[in-house]
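Shown next: entry.cif, containing mmCIF, C-alpha atoms.
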data_final
loop_
_atom_site.group_PDB
_atom_site.id
_atom_site.type_symbol
_atom_site.label_atom_id
_atom_site.label_comp_id
_atom_site.auth_asym_id
_atom_site.auth_seq_id
_atom_site.Cartn_x
_atom_site.Cartn_y
_atom_site.Cartn_z
ATOM 1 C CA MET A 1 -47.975 -39.834 -16.840
ATOM 2 C CA PRO A 2 -46.131 -42.269 -19.197
ATOM 3 C CA ALA A 3 -44.676 -39.545 -21.434
ATOM 4 C CA ASP A 4 -43.715 -37.441 -18.428
ATOM 5 C CA PHE A 5 -42.183 -40.370 -16.681
ATOM 6 C CA SER A 6 -39.873 -41.294 -19.540
ATOM 7 C CA ALA A 7 -38.935 -37.637 -20.008
ATOM 8 C CA GLU A 8 -38.065 -37.369 -16.333
ATOM 9 C CA LEU A 9 -35.965 -40.508 -16.611
ATOM 10 C CA GLU A 10 -34.212 -39.237 -19.693
ATOM 11 C CA ALA A 11 -33.330 -36.025 -17.857
ATOM 12 C CA LEU A 12 -31.449 -38.110 -15.299
ATOM 13 C CA ARG A 13 -29.297 -39.803 -17.930
ATOM 14 C CA PRO A 14 -26.249 -37.481 -17.716
ATOM 15 C CA TYR A 15 -26.125 -37.837 -13.937
ATOM 16 C CA LEU A 16 -26.475 -41.614 -14.171
ATOM 17 C CA VAL A 17 -23.731 -41.881 -16.778
ATOM 18 C CA ARG A 18 -21.404 -39.900 -14.534
ATOM 19 C CA TYR A 19 -22.356 -42.086 -11.600
ATOM 20 C CA ALA A 20 -21.636 -45.284 -13.549
ATOM 21 C CA SER A 21 -18.447 -43.949 -15.171
ATOM 22 C CA LEU A 22 -16.955 -43.115 -11.803
ATOM 23 C CA GLN A 23 -17.223 -46.749 -10.777
ATOM 24 C CA LEU A 24 -16.689 -48.559 -14.080
ATOM 25 C CA ARG A 25 -13.969 -46.363 -15.632
ATOM 26 C CA ASN A 26 -15.202 -47.466 -19.028
ATOM 27 C CA PRO A 27 -17.570 -45.196 -20.987
ATOM 28 C CA ASP A 28 -19.137 -48.017 -23.031
ATOM 29 C CA ALA A 29 -19.823 -50.167 -19.991
ATOM 30 C CA ALA A 30 -21.252 -47.124 -18.187
ATOM 31 C CA GLU A 31 -23.586 -46.300 -21.110
ATOM 32 C CA ASP A 32 -24.749 -49.914 -21.243
ATOM 33 C CA ALA A 33 -25.474 -50.049 -17.524
ATOM 34 C CA VAL A 34 -27.430 -46.782 -17.724
ATOM 35 C CA GLN A 35 -29.376 -47.969 -20.765
ATOM 36 C CA GLU A 36 -30.374 -51.171 -18.980
ATOM 37 C CA THR A 37 -31.273 -49.143 -15.901
ATOM 38 C CA LEU A 38 -33.554 -46.764 -17.787
ATOM 39 C CA LEU A 39 -35.325 -49.661 -19.480
ATOM 40 C CA ALA A 40 -35.750 -51.458 -16.170
ATOM 41 C CA ALA A 41 -37.054 -48.257 -14.574
ATOM 42 C CA LEU A 42 -39.589 -47.767 -17.375
ATOM 43 C CA SER A 43 -40.947 -51.255 -17.015
ATOM 44 C CA ALA A 44 -41.062 -50.950 -13.231
ATOM 45 C CA GLN A 45 -42.884 -47.642 -13.321
ATOM 46 C CA ASP A 46 -45.766 -49.015 -11.234
ATOM 47 C CA SER A 47 -43.498 -49.861 -8.357
ATOM 48 C CA PHE A 48 -42.136 -46.328 -8.342
ATOM 49 C CA GLU A 49 -45.476 -44.644 -7.819
ATOM 50 C CA GLY A 50 -45.756 -42.937 -4.498
ATOM 51 C CA ARG A 51 -42.042 -42.810 -3.890
ATOM 52 C CA ALA A 52 -40.584 -39.427 -3.177
ATOM 53 C CA ASN A 53 -37.389 -39.245 -5.141
ATOM 54 C CA LEU A 54 -37.047 -40.548 -8.673
ATOM 55 C CA ARG A 55 -33.286 -40.089 -8.786
ATOM 56 C CA THR A 56 -32.699 -42.059 -5.604
ATOM 57 C CA TRP A 57 -34.902 -44.852 -6.881
ATOM 58 C CA VAL A 58 -33.236 -45.028 -10.306
ATOM 59 C CA THR A 59 -29.753 -44.785 -8.764
ATOM 60 C CA GLY A 60 -30.678 -47.814 -6.656
ATOM 61 C CA ILE A 61 -31.456 -49.769 -9.834
ATOM 62 C CA LEU A 62 -28.215 -48.555 -11.419
ATOM 63 C CA LYS A 63 -26.178 -49.794 -8.446
ATOM 64 C CA HIS A 64 -27.447 -53.326 -9.097
ATOM 65 C CA LYS A 65 -26.602 -53.038 -12.792
ATOM 66 C CA ILE A 66 -23.099 -51.839 -11.924
ATOM 67 C CA VAL A 67 -22.551 -54.775 -9.581
ATOM 68 C CA ASP A 68 -23.767 -57.115 -12.362
ATOM 69 C CA THR A 69 -21.254 -55.552 -14.745
ATOM 70 C CA ILE A 70 -18.402 -55.912 -12.257
ATOM 71 C CA ARG A 71 -19.399 -59.504 -11.545
ATOM 72 C CA ARG A 72 -19.438 -60.331 -15.258
ATOM 73 C CA SER A 73 -16.094 -58.701 -15.986
ATOM 74 C CA SER A 74 -14.337 -60.270 -13.007
ATOM 75 C CA ARG A 75 -15.603 -63.649 -14.200
ATOM 76 C CA GLU A 76 -14.360 -63.021 -17.757
ATOM 77 C CA ALA A 77 -10.985 -61.644 -16.692
ATOM 78 C CA PRO A 78 -10.224 -62.963 -13.211
ATOM 79 C CA LEU A 79 -7.432 -61.262 -11.352
ATOM 80 C CA ALA A 80 -4.072 -62.900 -11.513
ATOM 81 C CA GLY A 81 -3.016 -63.324 -7.905
ATOM 82 C CA PRO A 82 -2.865 -60.555 -5.341
ATOM 83 C CA GLY A 83 -0.026 -58.764 -7.120
ATOM 84 C CA ASP A 84 1.457 -55.369 -6.411
ATOM 85 C CA GLU A 85 -1.695 -53.812 -5.151
ATOM 86 C CA GLU A 86 -1.656 -55.987 -2.057
ATOM 87 C CA SER A 87 1.527 -54.541 -0.705
ATOM 88 C CA THR A 88 1.529 -51.567 1.628
ATOM 89 C CA ALA A 89 5.297 -51.219 1.352
ATOM 90 C CA ASP A 90 4.981 -47.942 -0.531
ATOM 91 C CA PHE A 91 3.583 -46.335 2.619
ATOM 92 C CA ASP A 92 6.703 -47.309 4.568
ATOM 93 C CA ALA A 93 8.273 -44.015 3.538
ATOM 94 C CA LEU A 94 5.592 -42.172 5.514
ATOM 95 C CA PHE A 95 6.758 -43.757 8.772
ATOM 96 C CA ASP A 96 10.084 -43.977 10.588
ATOM 97 C CA GLU A 97 11.600 -47.285 11.685
ATOM 98 C CA ARG A 98 9.554 -47.206 14.879
ATOM 99 C CA GLY A 99 6.327 -46.761 12.921
ATOM 100 C CA HIS A 100 5.777 -43.085 13.726
ATOM 101 C CA TRP A 101 4.813 -40.508 11.094
ATOM 102 C CA GLN A 102 7.854 -38.940 9.447
ATOM 103 C CA GLU A 103 5.762 -35.852 8.983
ATOM 104 C CA HIS A 104 2.850 -35.484 11.384
ATOM 105 C CA PRO A 105 -0.455 -35.044 9.538
ATOM 106 C CA SER A 106 -2.341 -31.860 10.404
ATOM 107 C CA PRO A 107 -6.099 -31.470 10.650
ATOM 108 C CA TRP A 108 -7.837 -30.030 7.601
ATOM 109 C CA GLU A 109 -9.521 -26.703 7.864
ATOM 110 C CA ASP A 110 -13.312 -26.848 7.514
ATOM 111 C CA PRO A 111 -13.428 -30.006 5.361
ATOM 112 C CA ASP A 112 -17.236 -30.110 5.451
ATOM 113 C CA GLY A 113 -17.364 -26.624 4.019
ATOM 114 C CA ALA A 114 -15.401 -27.984 1.044
ATOM 115 C CA LEU A 115 -18.155 -30.520 0.345
ATOM 116 C CA HIS A 116 -20.339 -27.762 -1.029
ATOM 117 C CA GLN A 117 -17.727 -26.615 -3.482
ATOM 118 C CA LYS A 118 -17.831 -27.861 -7.026
ATOM 119 C CA GLN A 119 -14.036 -27.511 -7.337
ATOM 120 C CA PHE A 120 -13.477 -29.677 -4.294
ATOM 121 C CA LEU A 121 -15.564 -32.524 -5.713
ATOM 122 C CA ALA A 122 -13.595 -32.203 -8.958
ATOM 123 C CA ALA A 123 -10.335 -32.440 -6.957
ATOM 124 C CA LEU A 124 -11.647 -35.558 -5.211
ATOM 125 C CA GLU A 125 -12.528 -37.138 -8.559
ATOM 126 C CA ALA A 126 -9.060 -36.326 -9.861
ATOM 127 C CA CYS A 127 -7.497 -38.009 -6.810
ATOM 128 C CA LEU A 128 -9.685 -41.070 -7.353
ATOM 129 C CA ALA A 129 -8.609 -41.240 -10.991
ATOM 130 C CA GLY A 130 -5.005 -41.394 -9.796
ATOM 131 C CA LEU A 131 -5.545 -44.615 -7.827
ATOM 132 C CA PRO A 132 -4.565 -47.976 -9.324
ATOM 133 C CA ALA A 133 -7.577 -49.581 -11.035
ATOM 134 C CA ARG A 134 -8.254 -52.376 -8.575
ATOM 135 C CA THR A 135 -7.730 -50.157 -5.533
ATOM 136 C CA SER A 136 -10.156 -47.605 -6.894
ATOM 137 C CA GLN A 137 -12.700 -50.262 -7.814
ATOM 138 C CA VAL A 138 -12.770 -51.746 -4.315
ATOM 139 C CA PHE A 139 -12.882 -48.327 -2.651
ATOM 140 C CA LEU A 140 -15.759 -47.185 -4.851
ATOM 141 C CA MET A 141 -17.687 -50.416 -4.259
ATOM 142 C CA ARG A 142 -17.325 -49.748 -0.545
ATOM 143 C CA GLU A 143 -17.877 -45.990 -0.374
ATOM 144 C CA HIS A 144 -19.824 -45.176 -3.519
ATOM 145 C CA LEU A 145 -22.038 -48.232 -3.953
ATOM 146 C CA GLY A 146 -22.106 -48.720 -0.179
ATOM 147 C CA LEU A 147 -21.454 -52.472 -0.272
ATOM 148 C CA GLU A 148 -20.207 -54.427 2.733
ATOM 149 C CA THR A 149 -16.621 -55.661 2.574
ATOM 150 C CA ALA A 150 -17.780 -59.302 2.584
ATOM 151 C CA GLU A 151 -19.903 -58.679 -0.520
ATOM 152 C CA ILE A 152 -17.050 -56.939 -2.338
ATOM 153 C CA CYS A 153 -14.640 -59.786 -1.591
ATOM 154 C CA LYS A 154 -17.159 -62.310 -2.827
ATOM 155 C CA GLU A 155 -17.861 -60.472 -6.090
ATOM 156 C CA LEU A 156 -14.178 -60.010 -6.858
ATOM 157 C CA GLY A 157 -12.915 -63.296 -5.444
ATOM 158 C CA LEU A 158 -10.586 -61.592 -2.947
ATOM 159 C CA THR A 159 -9.806 -62.510 0.659
ATOM 160 C CA SER A 160 -11.044 -60.086 3.324
ATOM 161 C CA THR A 161 -7.453 -59.281 4.223
ATOM 162 C CA HIS A 162 -6.745 -58.294 0.634
ATOM 163 C CA CYS A 163 -9.889 -56.123 0.562
ATOM 164 C CA TRP A 164 -8.871 -54.322 3.767
ATOM 165 C CA VAL A 165 -5.401 -53.701 2.392
ATOM 166 C CA LEU A 166 -6.836 -52.201 -0.798
ATOM 167 C CA LEU A 167 -9.230 -49.992 1.188
ATOM 168 C CA TYR A 168 -6.376 -48.868 3.433
ATOM 169 C CA ARG A 169 -4.244 -48.016 0.425
ATOM 170 C CA ALA A 170 -7.097 -46.071 -1.154
ATOM 171 C CA ARG A 171 -7.757 -44.020 1.998
ATOM 172 C CA MET A 172 -4.090 -43.299 2.617
ATOM 173 C CA ALA A 173 -3.518 -42.277 -0.990
ATOM 174 C CA LEU A 174 -6.655 -40.124 -1.138
ATOM 175 C CA ARG A 175 -5.888 -38.296 2.109
ATOM 176 C CA GLU A 176 -2.398 -37.582 0.872
ATOM 177 C CA CYS A 177 -3.652 -36.437 -2.523
ATOM 178 C CA LEU A 178 -6.337 -34.137 -1.059
ATOM 179 C CA ASP A 179 -3.878 -32.860 1.509
ATOM 180 C CA LYS A 180 -1.504 -31.808 -1.273
ATOM 181 C CA THR A 181 -3.896 -30.691 -3.996
ATOM 182 C CA TRP A 182 -6.645 -29.092 -1.953
ATOM 183 C CA PHE A 183 -6.134 -28.476 1.732
ATOM 184 C CA ALA A 184 -2.499 -27.375 1.629
ATOM 185 C CA ALA A 185 -3.315 -25.003 -1.207
ATOM 186 C CA LYS A 186 -6.017 -23.236 0.810
ATOM 187 C CA MET B 1 -3.682 -54.540 25.122
ATOM 188 C CA MET B 2 -0.808 -53.677 22.857
ATOM 189 C CA ASN B 3 1.090 -50.488 22.544
ATOM 190 C CA ILE B 4 0.884 -49.518 18.894
ATOM 191 C CA ALA B 5 2.623 -46.935 16.730
ATOM 192 C CA CYS B 6 1.117 -44.691 14.060
ATOM 193 C CA LYS B 7 1.601 -47.145 11.221
ATOM 194 C CA GLU B 8 -0.466 -49.839 12.909
ATOM 195 C CA ALA B 9 -2.931 -47.228 14.186
ATOM 196 C CA SER B 10 -3.540 -45.983 10.642
ATOM 197 C CA ARG B 11 -4.270 -49.540 9.523
ATOM 198 C CA LEU B 12 -6.758 -50.023 12.358
ATOM 199 C CA MET B 13 -8.404 -46.656 11.702
ATOM 200 C CA SER B 14 -9.032 -47.720 8.121
ATOM 201 C CA GLN B 15 -10.292 -51.175 9.099
ATOM 202 C CA ALA B 16 -12.614 -49.603 11.666
ATOM 203 C CA GLN B 17 -14.493 -48.184 8.644
ATOM 204 C CA ASP B 18 -14.972 -51.707 7.289
ATOM 205 C CA ARG B 19 -15.331 -54.135 10.173
ATOM 206 C CA ARG B 20 -15.889 -54.244 13.906
ATOM 207 C CA LEU B 21 -12.514 -54.072 15.601
ATOM 208 C CA THR B 22 -11.834 -56.527 18.413
ATOM 209 C CA LEU B 23 -11.944 -55.252 21.970
ATOM 210 C CA GLY B 24 -8.143 -55.357 22.175
ATOM 211 C CA GLU B 25 -7.740 -53.486 18.890
ATOM 212 C CA ARG B 26 -10.170 -50.805 19.982
ATOM 213 C CA ALA B 27 -8.412 -50.374 23.304
ATOM 214 C CA SER B 28 -4.990 -50.091 21.657
ATOM 215 C CA LEU B 29 -6.300 -47.613 19.112
ATOM 216 C CA GLN B 30 -8.044 -45.442 21.716
ATOM 217 C CA MET B 31 -4.871 -45.363 23.811
ATOM 218 C CA HIS B 32 -2.852 -44.334 20.811
ATOM 219 C CA LEU B 33 -5.314 -41.672 19.651
ATOM 220 C CA ALA B 34 -5.308 -40.155 23.118
ATOM 221 C CA ILE B 35 -1.635 -39.323 22.776
ATOM 222 C CA CYS B 36 -1.239 -38.784 19.009
ATOM 223 C CA ARG B 37 -2.506 -35.631 17.355
ATOM 224 C CA GLY B 38 -1.396 -36.709 13.865
ATOM 225 C CA CYS B 39 -3.414 -39.905 14.042
ATOM 226 C CA ARG B 40 -6.455 -38.039 15.357
ATOM 227 C CA ALA B 41 -6.248 -35.836 12.278
ATOM 228 C CA VAL B 42 -6.025 -38.871 9.980
ATOM 229 C CA ASN B 43 -8.918 -40.580 11.755
ATOM 230 C CA ALA B 44 -11.111 -37.538 11.132
ATOM 231 C CA GLN B 45 -9.934 -37.451 7.511
ATOM 232 C CA PHE B 46 -10.891 -41.092 6.922
ATOM 233 C CA ALA B 47 -14.375 -40.376 8.279
ATOM 234 C CA PHE B 48 -14.565 -37.265 6.115
ATOM 235 C CA LEU B 49 -13.654 -39.276 2.996
ATOM 236 C CA ARG B 50 -16.743 -41.392 3.566
ATOM 237 C CA ARG B 51 -18.979 -38.303 3.772
ATOM 238 C CA ALA B 52 -17.303 -36.794 0.715
ATOM 239 C CA MET B 53 -17.829 -39.935 -1.387
ATOM 240 C CA ARG B 54 -21.577 -39.637 -0.856
ATOM 241 C CA GLU B 55 -21.525 -36.322 -2.689
ATOM 242 C CA LEU B 56 -20.183 -37.859 -5.898
ATOM 243 C CA PRO B 57 -20.887 -37.340 -8.674
ATOM 244 C CA ASP B 58 -21.637 -33.664 -8.350
ATOM 245 C CA GLU B 59 -25.293 -33.153 -9.350
ATOM 246 C CA ARG B 60 -24.553 -29.735 -10.723
ATOM 247 C CA SER B 61 -22.186 -30.777 -13.463
#
Same coordinates, now as structure tokens:
Amino acid sequence: MPADFSAELEALRPYLVRYASLQLRNPDAAEDAVQETLLAALSAQDSFEGRANLRTWVTGILKHKIVDTIRRSSREAPLAGPGDEESTADFDALFDERGHWQEHPSPWEDPDGALHQKQFLAALEACLAGLPARTSQVFLMREHLGLETAEICKELGLTSTHCWVLLYRARMALRECLDKTWFAAK
Amino acid sequence: MMNIACKEASRLMSQAQDRRLTLGERASLQMHLAICRGCRAVNAQFAFLRRAMRELPDERS
């Protein structure tokens, strides 16, 4: 089993690097987190035995490593004040003076069908890459790592209000981006 | 219960993904969604974004 186990782990490396890169936006940091994860997985082999899905298990370890990395980097380079990313003023253009949509959003056609398309996931990744760094980081911690808002705020030293604003901005920007680049084009 | 417009509704729809809304907030939002097709579309899109994020990264690439 040992040789097989490390070969199986090694086969997961490309997926894990992509997983970490999405969140960390830094190839070196992503490689480091994956390296640490694979080593941790190897030494914890006994605790894996009997579990159904190796990738799920290893991804779970990677999530912890990613949070460690974020924690370390936010300690080394703490955010200077709330800054631009706290404002939602840039969405004002979407609404009239009474707060109604300037242009009423329409439902998307068969969005769940899109989930099975490789090109759609690529379009989603491209939209994510277009978000400001901090906005994307908070959104990914929430939706990709699946952390609770309270945990995210604590790790990044943000108030809950600031976290909610960033998540709102991310969702609004992503829906607009997908609306333009994917659903309108269909 | 407050009468809210789309801008405030969109904020509440996003926050509903992250925290439990208060009773008053939920009531205002439900009232608004009942009469606003655009906001119903956005609400469904926010929920869809959560499902879509679980598919990343694509295992096939």
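Closest approach to Ala9 of chain B from the set A:Glu151, A:His100, A:Asp92, A:Tyr15 is made by A:His100, with distances taken over only C-alpha atoms.
Against the coordinates shown, the PyMOL selection byres ((chain A) within 7 of (chain B)) returns Tyr15, Arg18, Tyr19, Phe95, Gly99, His100, Trp101, His104, Pro105, Ser106, Pro107, Leu115, Leu121, Glu143, His144, Thr149, Trp164, Tyr168, Arg171 and Arg175 of chain A.
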Selection to disk with C-alpha atoms, as a PDB file, in the frame of the given file:
ATOM      1  CA  TYR A  15     -26.125 -37.837 -13.937  1.00  0.00           C
ATOM      2  CA  ARG A  18     -21.404 -39.900 -14.534  1.00  0.00           C
ATOM      3  CA  TYR A  19     -22.356 -42.086 -11.600  1.00  0.00           C
ATOM      4  CA  PHE A  95       6.758 -43.757   8.772  1.00  0.00           C
ATOM      5  CA  GLY A  99       6.327 -46.761  12.921  1.00  0.00           C
ATOM      6  CA  HIS A 100       5.777 -43.085  13.726  1.00  0.00           C
ATOM      7  CA  TRP A 101       4.813 -40.508  11.094  1.00  0.00           C
ATOM      8  CA  HIS A 104       2.850 -35.484  11.384  1.00  0.00           C
ATOM      9  CA  PRO A 105      -0.455 -35.044   9.538  1.00  0.00           C
ATOM     10  CA  SER A 106      -2.341 -31.860  10.404  1.00  0.00           C
ATOM     11  CA  PRO A 107      -6.099 -31.470  10.650  1.00  0.00           C
ATOM     12  CA  LEU A 115     -18.155 -30.520   0.345  1.00  0.00           C
ATOM     13  CA  LEU A 121     -15.564 -32.524  -5.713  1.00  0.00           C
ATOM     14  CA  GLU A 143     -17.877 -45.990  -0.374  1.00  0.00           C
ATOM     15  CA  HIS A 144     -19.824 -45.176  -3.519  1.00  0.00           C
ATOM     16  CA  THR A 149     -16.621 -55.661   2.574  1.00  0.00           C
ATOM     17  CA  TRP A 164      -8.871 -54.322   3.767  1.00  0.00           C
ATOM     18  CA  TYR A 168      -6.376 -48.868   3.433  1.00  0.00           C
ATOM     19  CA  ARG A 171      -7.757 -44.020   1.998  1.00  0.00           C
ATOM     20  CA  ARG A 175      -5.888 -38.296   2.109  1.00  0.00           C
TER      21      ARG A 175
END
Atomic separation - atom CA of His162 of chain A relative to atom CA of Leu21 of chain B, Å: 16.6 Å
Between atom CA of Ser21 of chain A and atom CA of Arg75 of chain A, what distance in Å does the model show, to one decimal?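 So the two atoms, atom CA of Ser21 of chain A and atom CA of Arg75 of chain A, lie 19.9 Å apart.
Considering the residues A:Ala41, A:Glu125, A:Arg71, A:Met172 and counting only C-alpha atoms, Lys154 of chain A has its shortest atom-to-atom contact with A:Arg71.
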Two-atom distance - atom CA of Gln23 of chain A, atom CA of Leu38 of chain A (Å): 17.8 Å
Just checking: using all atoms listed in the file, which residue out of A:Val67, A:Ala129, A:Ala123, A:Leu178 ends up closest to Gly146 of chain A? A:Val67
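For the residues A:His64, A:Arg98, A:Arg134, A:His116, ranking by smallest atom-to-atom distance to Cys163 of chain A using only C-alpha atoms places A:Arg134 first.
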